[in-house]
>>> print(open('run.pdb').read())   # PDB, C-alpha atoms and all ligand atoms
ATOM      1  CA  MET L   1      61.414  63.391 148.142  1.00  0.00           C
ATOM      2  CA  LYS L   2      61.565  59.618 148.346  1.00  0.00           C
ATOM      3  CA  LEU L   3      63.316  57.318 150.773  1.00  0.00           C
ATOM      4  CA  THR L   4      65.477  54.459 149.650  1.00  0.00           C
ATOM      5  CA  THR L   5      68.362  52.327 150.918  1.00  0.00           C
ATOM      6  CA  CYS L   6      71.913  52.217 149.605  1.00  0.00           C
ATOM      7  CA  PRO L   7      72.262  49.266 147.204  1.00  0.00           C
ATOM      8  CA  LEU L   8      76.075  49.096 147.282  1.00  0.00           C
ATOM      9  CA  ASP L   9      77.901  46.004 148.435  1.00  0.00           C
ATOM     10  CA  CYS L  10      78.144  46.922 152.099  1.00  0.00           C
ATOM     11  CA  PHE L  11      76.405  45.718 155.255  1.00  0.00           C
ATOM     12  CA  ASP L  12      75.407  49.124 156.542  1.00  0.00           C
ATOM     13  CA  GLY L  13      72.376  49.729 154.332  1.00  0.00           C
ATOM     14  CA  CYS L  14      72.288  53.530 154.822  1.00  0.00           C
ATOM     15  CA  SER L  15      68.932  55.200 154.505  1.00  0.00           C
ATOM     16  CA  ILE L  16      68.897  57.768 151.678  1.00  0.00           C
ATOM     17  CA  GLU L  17      66.653  60.675 150.724  1.00  0.00           C
ATOM     18  CA  VAL L  18      66.306  61.218 146.975  1.00  0.00           C
ATOM     19  CA  ASP L  19      64.883  64.526 145.744  1.00  0.00           C
ATOM     20  CA  GLU L  20      63.100  65.228 142.437  1.00  0.00           C
ATOM     21  CA  ASN L  21      66.474  66.015 140.756  1.00  0.00           C
ATOM     22  CA  LEU L  22      67.795  62.617 141.892  1.00  0.00           C
ATOM     23  CA  LYS L  23      70.126  64.287 144.375  1.00  0.00           C
ATOM     24  CA  LEU L  24      71.040  61.980 147.263  1.00  0.00           C
ATOM     25  CA  LYS L  25      71.234  62.911 150.917  1.00  0.00           C
ATOM     26  CA  GLY L  26      71.580  60.892 154.101  1.00  0.00           C
ATOM     27  CA  ASP L  27      68.285  60.395 155.954  1.00  0.00           C
ATOM     28  CA  LYS L  28      68.715  62.101 159.333  1.00  0.00           C
ATOM     29  CA  SER L  29      65.563  60.529 160.768  1.00  0.00           C
ATOM     30  CA  HIS L  30      66.984  56.991 160.542  1.00  0.00           C
ATOM     31  CA  PRO L  31      67.828  55.819 164.074  1.00  0.00           C
ATOM     32  CA  ILE L  32      71.024  53.983 163.112  1.00  0.00           C
ATOM     33  CA  THR L  33      72.511  55.634 160.046  1.00  0.00           C
ATOM     34  CA  GLN L  34      71.498  59.149 161.216  1.00  0.00           C
ATOM     35  CA  GLY L  35      72.086  60.962 157.925  1.00  0.00           C
ATOM     36  CA  TYR L  36      75.502  59.396 157.265  1.00  0.00           C
ATOM     37  CA  LEU L  37      76.512  58.444 153.737  1.00  0.00           C
ATOM     38  CA  CYS L  38      80.061  57.343 152.934  1.00  0.00           C
ATOM     39  CA  PRO L  39      82.084  58.943 150.078  1.00  0.00           C
ATOM     40  CA  ASN L  40      80.922  56.237 147.652  1.00  0.00           C
ATOM     41  CA  MET L  41      77.323  57.376 147.931  1.00  0.00           C
ATOM     42  CA  ASN L  42      78.048  61.066 148.474  1.00  0.00           C
ATOM     43  CA  ASN L  43      79.903  61.120 145.146  1.00  0.00           C
ATOM     44  CA  PHE L  44      77.579  58.708 143.403  1.00  0.00           C
ATOM     45  CA  HIS L  45      76.829  61.057 140.489  1.00  0.00           C
ATOM     46  CA  LYS L  46      80.523  61.734 139.866  1.00  0.00           C
ATOM     47  CA  PHE L  47      81.336  58.117 139.019  1.00  0.00           C
ATOM     48  CA  ALA L  48      81.151  56.942 135.422  1.00  0.00           C
ATOM     49  CA  ARG L  49      78.018  54.913 134.804  1.00  0.00           C
ATOM     50  CA  ILE L  50      77.055  52.458 132.101  1.00  0.00           C
ATOM     51  CA  GLU L  51      73.880  53.983 130.707  1.00  0.00           C
ATOM     52  CA  LYS L  52      73.577  52.186 127.372  1.00  0.00           C
ATOM     53  CA  THR L  53      73.825  48.558 126.398  1.00  0.00           C
ATOM     54  CA  THR L  54      76.527  48.096 123.780  1.00  0.00           C
ATOM     55  CA  LEU L  55      78.214  45.197 122.032  1.00  0.00           C
ATOM     56  CA  ASN L  56      81.645  45.774 120.488  1.00  0.00           C
ATOM     57  CA  GLY L  57      81.062  49.526 120.707  1.00  0.00           C
ATOM     58  CA  LYS L  58      77.651  49.376 118.963  1.00  0.00           C
ATOM     59  CA  GLU L  59      74.494  50.271 120.856  1.00  0.00           C
ATOM     60  CA  ILE L  60      72.037  47.386 121.166  1.00  0.00           C
ATOM     61  CA  SER L  61      68.735  46.942 122.972  1.00  0.00           C
ATOM     62  CA  ILE L  62      68.589  45.474 126.459  1.00  0.00           C
ATOM     63  CA  ASP L  63      66.765  42.413 125.062  1.00  0.00           C
ATOM     64  CA  GLU L  64      69.568  41.819 122.553  1.00  0.00           C
ATOM     65  CA  ALA L  65      72.118  42.218 125.355  1.00  0.00           C
ATOM     66  CA  VAL L  66      70.342  39.625 127.512  1.00  0.00           C
ATOM     67  CA  GLU L  67      70.098  37.206 124.573  1.00  0.00           C
ATOM     68  CA  THR L  68      73.823  37.673 123.829  1.00  0.00           C
ATOM     69  CA  ILE L  69      74.792  36.971 127.431  1.00  0.00           C
ATOM     70  CA  LYS L  70      72.512  33.932 127.468  1.00  0.00           C
ATOM     71  CA  GLU L  71      74.195  32.603 124.343  1.00  0.00           C
ATOM     72  CA  LYS L  72      77.682  33.237 125.713  1.00  0.00           C
ATOM     73  CA  LEU L  73      76.886  31.591 129.027  1.00  0.00           C
ATOM     74  CA  GLY L  74      75.913  28.413 127.206  1.00  0.00           C
ATOM     75  CA  LYS L  75      73.768  25.693 128.735  1.00  0.00           C
ATOM     76  CA  LYS L  76      75.643  24.844 131.910  1.00  0.00           C
ATOM     77  CA  THR L  77      75.981  27.775 134.248  1.00  0.00           C
ATOM     78  CA  VAL L  78      76.041  27.644 138.011  1.00  0.00           C
ATOM     79  CA  TYR L  79      75.285  30.838 139.876  1.00  0.00           C
ATOM     80  CA  PHE L  80      77.525  31.082 142.920  1.00  0.00           C
ATOM     81  CA  ARG L  81      77.724  34.189 145.023  1.00  0.00           C
ATOM     82  CA  GLY L  82      80.273  34.318 147.787  1.00  0.00           C
ATOM     83  CA  SER L  83      79.812  37.541 149.701  1.00  0.00           C
ATOM     84  CA  GLY L  84      78.090  40.876 149.935  1.00  0.00           C
ATOM     85  CA  ASN L  85      75.099  42.275 151.680  1.00  0.00           C
ATOM     86  CA  LEU L  86      71.583  40.927 151.791  1.00  0.00           C
ATOM     87  CA  GLY L  87      69.799  44.002 150.449  1.00  0.00           C
ATOM     88  CA  VAL L  88      66.857  43.407 148.144  1.00  0.00           C
ATOM     89  CA  MET L  89      68.739  44.920 145.185  1.00  0.00           C
ATOM     90  CA  GLN L  90      71.475  42.313 145.551  1.00  0.00           C
ATOM     91  CA  GLY L  91      68.889  39.664 144.637  1.00  0.00           C
ATOM     92  CA  VAL L  92      68.785  41.061 141.080  1.00  0.00           C
ATOM     93  CA  THR L  93      71.798  39.032 139.961  1.00  0.00           C
ATOM     94  CA  LYS L  94      70.195  35.833 141.258  1.00  0.00           C
ATOM     95  CA  LEU L  95      66.958  36.689 139.468  1.00  0.00           C
ATOM     96  CA  PHE L  96      68.876  37.353 136.266  1.00  0.00           C
ATOM     97  CA  PHE L  97      70.710  34.026 136.363  1.00  0.00           C
ATOM     98  CA  ALA L  98      67.515  32.157 137.280  1.00  0.00           C
ATOM     99  CA  LYS L  99      65.808  33.746 134.253  1.00  0.00           C
ATOM    100  CA  VAL L 100      68.577  32.677 131.886  1.00  0.00           C
ATOM    101  CA  GLY L 101      68.285  29.101 133.136  1.00  0.00           C
ATOM    102  CA  ALA L 102      71.376  28.810 135.354  1.00  0.00           C
ATOM    103  CA  ASP L 103      71.519  26.426 138.297  1.00  0.00           C
ATOM    104  CA  ILE L 104      71.295  28.451 141.493  1.00  0.00           C
ATOM    105  CA  SER L 105      73.577  27.421 144.342  1.00  0.00           C
ATOM    106  CA  LYS L 106      72.855  27.923 148.000  1.00  0.00           C
ATOM    107  CA  GLY L 107      75.364  29.100 150.604  1.00  0.00           C
ATOM    108  CA  SER L 108      78.968  30.105 149.977  1.00  0.00           C
ATOM    109  CA  LEU L 109      82.486  29.151 151.000  1.00  0.00           C
ATOM    110  CA  CYS L 110      83.010  32.321 153.018  1.00  0.00           C
ATOM    111  CA  GLU L 111      79.990  33.949 154.669  1.00  0.00           C
ATOM    112  CA  GLY L 112      77.702  30.942 154.128  1.00  0.00           C
ATOM    113  CA  ALA L 113      80.157  28.370 155.472  1.00  0.00           C
ATOM    114  CA  GLY L 114      80.929  30.608 158.456  1.00  0.00           C
ATOM    115  CA  ALA L 115      77.242  31.069 159.254  1.00  0.00           C
ATOM    116  CA  TYR L 116      76.628  27.312 158.901  1.00  0.00           C
ATOM    117  CA  GLY L 117      79.486  26.541 161.307  1.00  0.00           C
ATOM    118  CA  ILE L 118      78.175  29.045 163.834  1.00  0.00           C
ATOM    119  CA  GLU L 119      74.628  27.669 163.559  1.00  0.00           C
ATOM    120  CA  GLU L 120      75.919  24.110 164.078  1.00  0.00           C
ATOM    121  CA  GLY L 121      77.897  25.150 167.138  1.00  0.00           C
ATOM    122  CA  ARG L 122      75.620  27.732 168.744  1.00  0.00           C
ATOM    123  CA  GLY L 123      72.203  27.139 167.241  1.00  0.00           C
ATOM    124  CA  ALA L 124      71.941  30.563 165.602  1.00  0.00           C
ATOM    125  CA  SER L 125      74.141  33.044 163.779  1.00  0.00           C
ATOM    126  CA  LEU L 126      73.277  36.397 165.267  1.00  0.00           C
ATOM    127  CA  SER L 127      74.838  39.743 164.580  1.00  0.00           C
ATOM    128  CA  TRP L 128      75.080  42.549 167.082  1.00  0.00           C
ATOM    129  CA  SER L 129      72.553  45.296 166.899  1.00  0.00           C
ATOM    130  CA  PRO L 130      73.710  48.880 167.601  1.00  0.00           C
ATOM    131  CA  GLU L 131      70.739  49.194 170.015  1.00  0.00           C
ATOM    132  CA  ARG L 132      72.019  46.296 172.139  1.00  0.00           C
ATOM    133  CA  VAL L 133      75.550  47.704 172.014  1.00  0.00           C
ATOM    134  CA  ASP L 134      74.172  51.022 173.214  1.00  0.00           C
ATOM    135  CA  GLU L 135      72.778  49.305 176.331  1.00  0.00           C
ATOM    136  CA  SER L 136      76.081  47.557 177.171  1.00  0.00           C
ATOM    137  CA  GLU L 137      78.860  48.697 179.484  1.00  0.00           C
ATOM    138  CA  VAL L 138      81.573  46.454 178.080  1.00  0.00           C
ATOM    139  CA  VAL L 139      81.810  45.548 174.394  1.00  0.00           C
ATOM    140  CA  ILE L 140      84.064  42.741 173.162  1.00  0.00           C
ATOM    141  CA  VAL L 141      85.037  43.111 169.526  1.00  0.00           C
ATOM    142  CA  TRP L 142      86.337  39.697 168.509  1.00  0.00           C
ATOM    143  CA  GLY L 143      88.071  39.410 165.126  1.00  0.00           C
ATOM    144  CA  LEU L 144      86.379  42.426 163.595  1.00  0.00           C
ATOM    145  CA  ASN L 145      87.489  45.912 162.634  1.00  0.00           C
ATOM    146  CA  SER L 146      84.308  47.923 163.148  1.00  0.00           C
ATOM    147  CA  SER L 147      86.018  51.132 161.981  1.00  0.00           C
ATOM    148  CA  VAL L 148      86.020  49.699 158.474  1.00  0.00           C
ATOM    149  CA  THR L 149      83.301  47.070 158.285  1.00  0.00           C
ATOM    150  CA  ASN L 150      80.605  48.454 160.573  1.00  0.00           C
ATOM    151  CA  SER L 151      81.103  52.177 160.993  1.00  0.00           C
ATOM    152  CA  HIS L 152      77.519  52.726 162.169  1.00  0.00           C
ATOM    153  CA  VAL L 153      78.213  50.920 165.413  1.00  0.00           C
ATOM    154  CA  LEU L 154      80.966  53.421 166.318  1.00  0.00           C
ATOM    155  CA  PRO L 155      78.652  56.039 167.932  1.00  0.00           C
ATOM    156  CA  ALA L 156      77.208  53.261 170.122  1.00  0.00           C
ATOM    157  CA  LEU L 157      80.760  52.389 171.309  1.00  0.00           C
ATOM    158  CA  LYS L 158      81.399  55.849 172.761  1.00  0.00           C
ATOM    159  CA  GLY L 159      81.983  55.751 176.518  1.00  0.00           C
ATOM    160  CA  LYS L 160      82.039  51.923 176.670  1.00  0.00           C
ATOM    161  CA  THR L 161      84.870  49.742 177.834  1.00  0.00           C
ATOM    162  CA  ILE L 162      86.072  48.165 174.599  1.00  0.00           C
ATOM    163  CA  ILE L 163      88.025  44.917 174.532  1.00  0.00           C
ATOM    164  CA  VAL L 164      89.407  43.849 171.166  1.00  0.00           C
ATOM    165  CA  ILE L 165      90.571  40.293 170.487  1.00  0.00           C
ATOM    166  CA  ASP L 166      92.506  40.218 167.226  1.00  0.00           C
ATOM    167  CA  PRO L 167      95.952  39.124 165.976  1.00  0.00           C
ATOM    168  CA  TYR L 168      96.238  42.453 164.131  1.00  0.00           C
ATOM    169  CA  ILE L 169      96.521  45.954 165.508  1.00  0.00           C
ATOM    170  CA  THR L 170      93.434  47.239 163.746  1.00  0.00           C
ATOM    171  CA  ASP L 171      92.023  50.747 164.015  1.00  0.00           C
ATOM    172  CA  ILE L 172      89.421  49.608 166.543  1.00  0.00           C
ATOM    173  CA  ALA L 173      92.207  47.818 168.484  1.00  0.00           C
ATOM    174  CA  LYS L 174      94.097  51.134 168.732  1.00  0.00           C
ATOM    175  CA  LYS L 175      90.982  52.777 170.181  1.00  0.00           C
ATOM    176  CA  SER L 176      90.241  49.954 172.628  1.00  0.00           C
ATOM    177  CA  ASP L 177      90.806  49.835 176.401  1.00  0.00           C
ATOM    178  CA  LEU L 178      92.338  46.383 176.110  1.00  0.00           C
ATOM    179  CA  HIS L 179      93.703  44.684 173.000  1.00  0.00           C
ATOM    180  CA  VAL L 180      94.234  40.946 173.444  1.00  0.00           C
ATOM    181  CA  LYS L 181      96.635  40.272 170.592  1.00  0.00           C
ATOM    182  CA  VAL L 182      96.164  36.530 170.214  1.00  0.00           C
ATOM    183  CA  LYS L 183      98.287  34.505 167.830  1.00  0.00           C
ATOM    184  CA  PRO L 184      96.470  33.386 164.675  1.00  0.00           C
ATOM    185  CA  ARG L 185      94.356  30.324 165.653  1.00  0.00           C
ATOM    186  CA  GLY L 186      94.979  31.176 169.297  1.00  0.00           C
ATOM    187  CA  ASP L 187      91.480  32.457 169.881  1.00  0.00           C
ATOM    188  CA  ILE L 188      90.030  28.937 170.116  1.00  0.00           C
ATOM    189  CA  TYR L 189      92.084  28.449 173.313  1.00  0.00           C
ATOM    190  CA  LEU L 190      91.052  31.836 174.616  1.00  0.00           C
ATOM    191  CA  ALA L 191      87.396  30.974 173.893  1.00  0.00           C
ATOM    192  CA  MET L 192      87.777  27.654 175.730  1.00  0.00           C
ATOM    193  CA  LEU L 193      89.429  29.361 178.692  1.00  0.00           C
ATOM    194  CA  LEU L 194      86.747  32.062 178.904  1.00  0.00           C
ATOM    195  CA  SER L 195      83.962  29.460 178.570  1.00  0.00           C
ATOM    196  CA  ARG L 196      85.552  27.438 181.371  1.00  0.00           C
ATOM    197  CA  MET L 197      85.768  30.485 183.639  1.00  0.00           C
ATOM    198  CA  ALA L 198      82.173  31.498 182.831  1.00  0.00           C
ATOM    199  CA  TYR L 199      81.028  27.947 183.582  1.00  0.00           C
ATOM    200  CA  MET L 200      82.968  27.777 186.880  1.00  0.00           C
ATOM    201  CA  ASP L 201      81.391  31.057 188.017  1.00  0.00           C
ATOM    202  CA  GLN L 202      77.931  30.050 186.729  1.00  0.00           C
ATOM    203  CA  MET L 203      77.959  33.053 184.405  1.00  0.00           C
ATOM    204  CA  GLU L 204      77.032  31.165 181.232  1.00  0.00           C
ATOM    205  CA  ASP L 205      73.671  32.941 180.914  1.00  0.00           C
TER     206      ASP L 205
HETATM  207  S1  LIG C   1      78.434  53.053 154.179  1.00  0.00           S
HETATM  208 FE1  LIG C   1      78.361  53.768 152.026  1.00  0.00          FE
HETATM  209  S2  LIG C   1      78.249  51.916 150.779  1.00  0.00           S
HETATM  210 FE2  LIG C   1      77.711  51.350 152.880  1.00  0.00          FE
HETATM  211  S3  LIG C   1      75.490  51.462 152.940  1.00  0.00           S
HETATM  212 FE3  LIG C   1      76.290  53.445 153.647  1.00  0.00          FE
HETATM  213  S4  LIG C   1      76.378  54.753 151.848  1.00  0.00           S
HETATM  214 FE4  LIG C   1      76.170  52.631 151.143  1.00  0.00          FE
END
>>> encode(input="run.pdb", output="structure tokens")
Amino acid sequence: MKLTTCPLDCFDGCSIEVDENLKLKGDKSHPITQGYLCPNMNNFHKFARIEKTTLNGKEISIDEAVETIKEKLGKKTVYFRGSGNLGVMQGVTKLFFAKVGADISKGSLCEGAGAYGIEEGRGASLSWSPERVDESEVVIVWGLNSSVTNSHVLPALKGKTIIVIDPYITDIAKKSDLHVKVKPRGDIYLAMLLSRMAYMDQMED
């Protein structure tokens, strides 16, 4: 049995056990993912896979395929990647484009721009760790639907007071103790108000 990590385009990075027949199972010893695998990974072998390189229906070698792509891409290619996780496997596309001579861009208009804005404003872009959530009494979920985008934090939310700030009634909002349904763009004013109150009560630490 070998241990690996899910390479799909998801932030959770579930730990996976692979046996000698390439059967996949969630790794129960992992402190965060605790043996969980979502349906995508549980049914991995049922999905159609591309196992041969072909061109116009004819099987070709991987080297021929790479040369063909290189030709089709032409001389001026910019590699731009806008989202996804940061798993090691996700670096393969960047490596590929670097090898075929593309210009590699840095950052992105979505995740990258958001992280840059946060770093400019707060000095660092930090994400919440399930361990820290586990130690908290009150958890504020601001503009995020953890039920969908971060299911591994859900066990850590059990028994906590959950406050959700979101214009939408998301699944996590339905499960919260308090849902502050701000208007779109209204959360800047809420953030200013809360900062002011924290400052007045010397709670900013
Ligand atoms: S939730 Fe699914 S896709 Fe995401 S890391 Fe886990 S097994 Fe992979």
>>> residues_near_point(input="run.pdb", point="(79.3, 41.3, 120.1)", cutoff="8 Å", atoms="all atoms listed in the file", output="ChimeraX atom specification")
/L:55-56,68
>>> residues_around(input="run.pdb", residues="Ile163 in chain L", least_positions_apart="2", cutoff="6 Å", atoms="only C-alpha atoms", output="JSON, numbers by chain")
{"L": [140, 176, 177, 178, 179]}
>>> write_last_selection(input="run.pdb", atoms="C-alpha atoms", output="PDB file, in the frame of the given file")
ATOM      1  CA  ILE L 140      84.064  42.741 173.162  1.00  0.00           C
ATOM      2  CA  SER L 176      90.241  49.954 172.628  1.00  0.00           C
ATOM      3  CA  ASP L 177      90.806  49.835 176.401  1.00  0.00           C
ATOM      4  CA  LEU L 178      92.338  46.383 176.110  1.00  0.00           C
ATOM      5  CA  HIS L 179      93.703  44.684 173.000  1.00  0.00           C
TER       6      HIS L 179
END
>>> resolve_selection(input="run.pdb", expression="the PyMOL selection byres (((not hetatm)) within 8 of (chain C and resi 1))", output="VMD selection string")
chain L and resid 5 to 15 33 36 to 42 151
>>> atom_distance(input="run.pdb", atom1="CA of Gly26 in chain L", atom2="CA of His45 in chain L")
14.6 Å
>>> atom_distance(input="run.pdb", atom1="CA of Gly91 in chain L", atom2="CA of Gly114 in chain L")
20.4 Å
>>> atom_distance(input="run.pdb", atom1="CA of Cys110 in chain L", atom2="CA of Thr170 in chain L")
21.1 Å
>>> residues_around(input="run.pdb", residues="Ala156 in chain L", least_positions_apart="5", cutoff="8 Å", atoms="only C-alpha atoms", output="mmCIF file with C-alpha atoms, in the coordinates of the input")
data_model
loop_
_atom_site.group_PDB
_atom_site.id
_atom_site.type_symbol
_atom_site.label_atom_id
_atom_site.label_comp_id
_atom_site.auth_asym_id
_atom_site.auth_seq_id
_atom_site.Cartn_x
_atom_site.Cartn_y
_atom_site.Cartn_z
ATOM 1 C CA PRO L 130 73.710 48.880 167.601
ATOM 2 C CA GLU L 131 70.739 49.194 170.015
ATOM 3 C CA VAL L 133 75.550 47.704 172.014
ATOM 4 C CA ASP L 134 74.172 51.022 173.214
#
>>> closest_residue(input="run.pdb", among="L:Phe47, L:Phe96, L:Phe80, L:Trp128", to="His152 in chain L", atoms="all atoms listed in the file")
L:Trp128
>>> closest_residue(input="run.pdb", among="L:Asn150, L:Ser125, L:Gln90, L:Asn21", to="Glu111 in chain L", atoms="only C-alpha atoms")
L:Ser125
>>> resolve_selection(input="run.pdb", expression="the PyMOL selection byres (((chain L and resi 78) around 8) and not hetatm)", output="PDB file with C-alpha atoms, keeping the file's coordinate frame")
ATOM      1  CA  LYS L  76      75.643  24.844 131.910  1.00  0.00           C
ATOM      2  CA  THR L  77      75.981  27.775 134.248  1.00  0.00           C
ATOM      3  CA  TYR L  79      75.285  30.838 139.876  1.00  0.00           C
ATOM      4  CA  PHE L  80      77.525  31.082 142.920  1.00  0.00           C
ATOM      5  CA  ALA L 102      71.376  28.810 135.354  1.00  0.00           C
ATOM      6  CA  ASP L 103      71.519  26.426 138.297  1.00  0.00           C
ATOM      7  CA  ILE L 104      71.295  28.451 141.493  1.00  0.00           C
ATOM      8  CA  SER L 105      73.577  27.421 144.342  1.00  0.00           C
TER       9      SER L 105
END
>>> closest_residue(input="run.pdb", among="L:Phe44, L:Phe97, L:Tyr116, L:Trp142", to="Val180 in chain L", atoms="all atoms listed in the file")
L:Trp142
>>> residues_near_point(input="run.pdb", point="(87.9, 47.1, 165.2)", cutoff="8 Å", atoms="all atoms listed in the file", output="list in words")
Val141, Gly143, Leu144, Asn145, Ser146, Ser147, Val148, Val164, Thr170, Asp171, Ile172 and Ala173 of chain L
>>> closest_residue(input="run.pdb", among="L:Ala113, L:Ile32, L:Leu95, L:Ala65", to="Val153 in chain L", atoms="all atoms listed in the file")
L:Ile32
>>> closest_residue(input="run.pdb", among="L:Tyr199, L:Pro184, L:Ala115, L:Leu157", to="Glu135 in chain L", atoms="all atoms listed in the file")
L:Leu157
>>> resolve_selection(input="run.pdb", expression="the PyMOL selection byres (((chain L and resi 81) around 9) and not hetatm)", output="short mmCIF file (atom, residue, chain, number, x, y, z; two decimals) with C-alpha atoms, in the frame of the given file")
data_model
loop_
_atom_site.label_atom_id
_atom_site.label_comp_id
_atom_site.auth_asym_id
_atom_site.auth_seq_id
_atom_site.Cartn_x
_atom_site.Cartn_y
_atom_site.Cartn_z
CA TYR L 79 75.28 30.84 139.88
CA PHE L 80 77.53 31.08 142.92
CA GLY L 82 80.27 34.32 147.79
CA SER L 83 79.81 37.54 149.70
CA GLY L 84 78.09 40.88 149.94
CA LYS L 94 70.19 35.83 141.26
CA SER L 105 73.58 27.42 144.34
CA LYS L 106 72.86 27.92 148.00
CA GLY L 107 75.36 29.10 150.60
CA SER L 108 78.97 30.10 149.98
#
>>> closest_residue(input="run.pdb", among="L:Val66, L:Met203, L:Leu24, L:Ile50", to="Val100 in chain L", atoms="all atoms listed in the file")
L:Val66
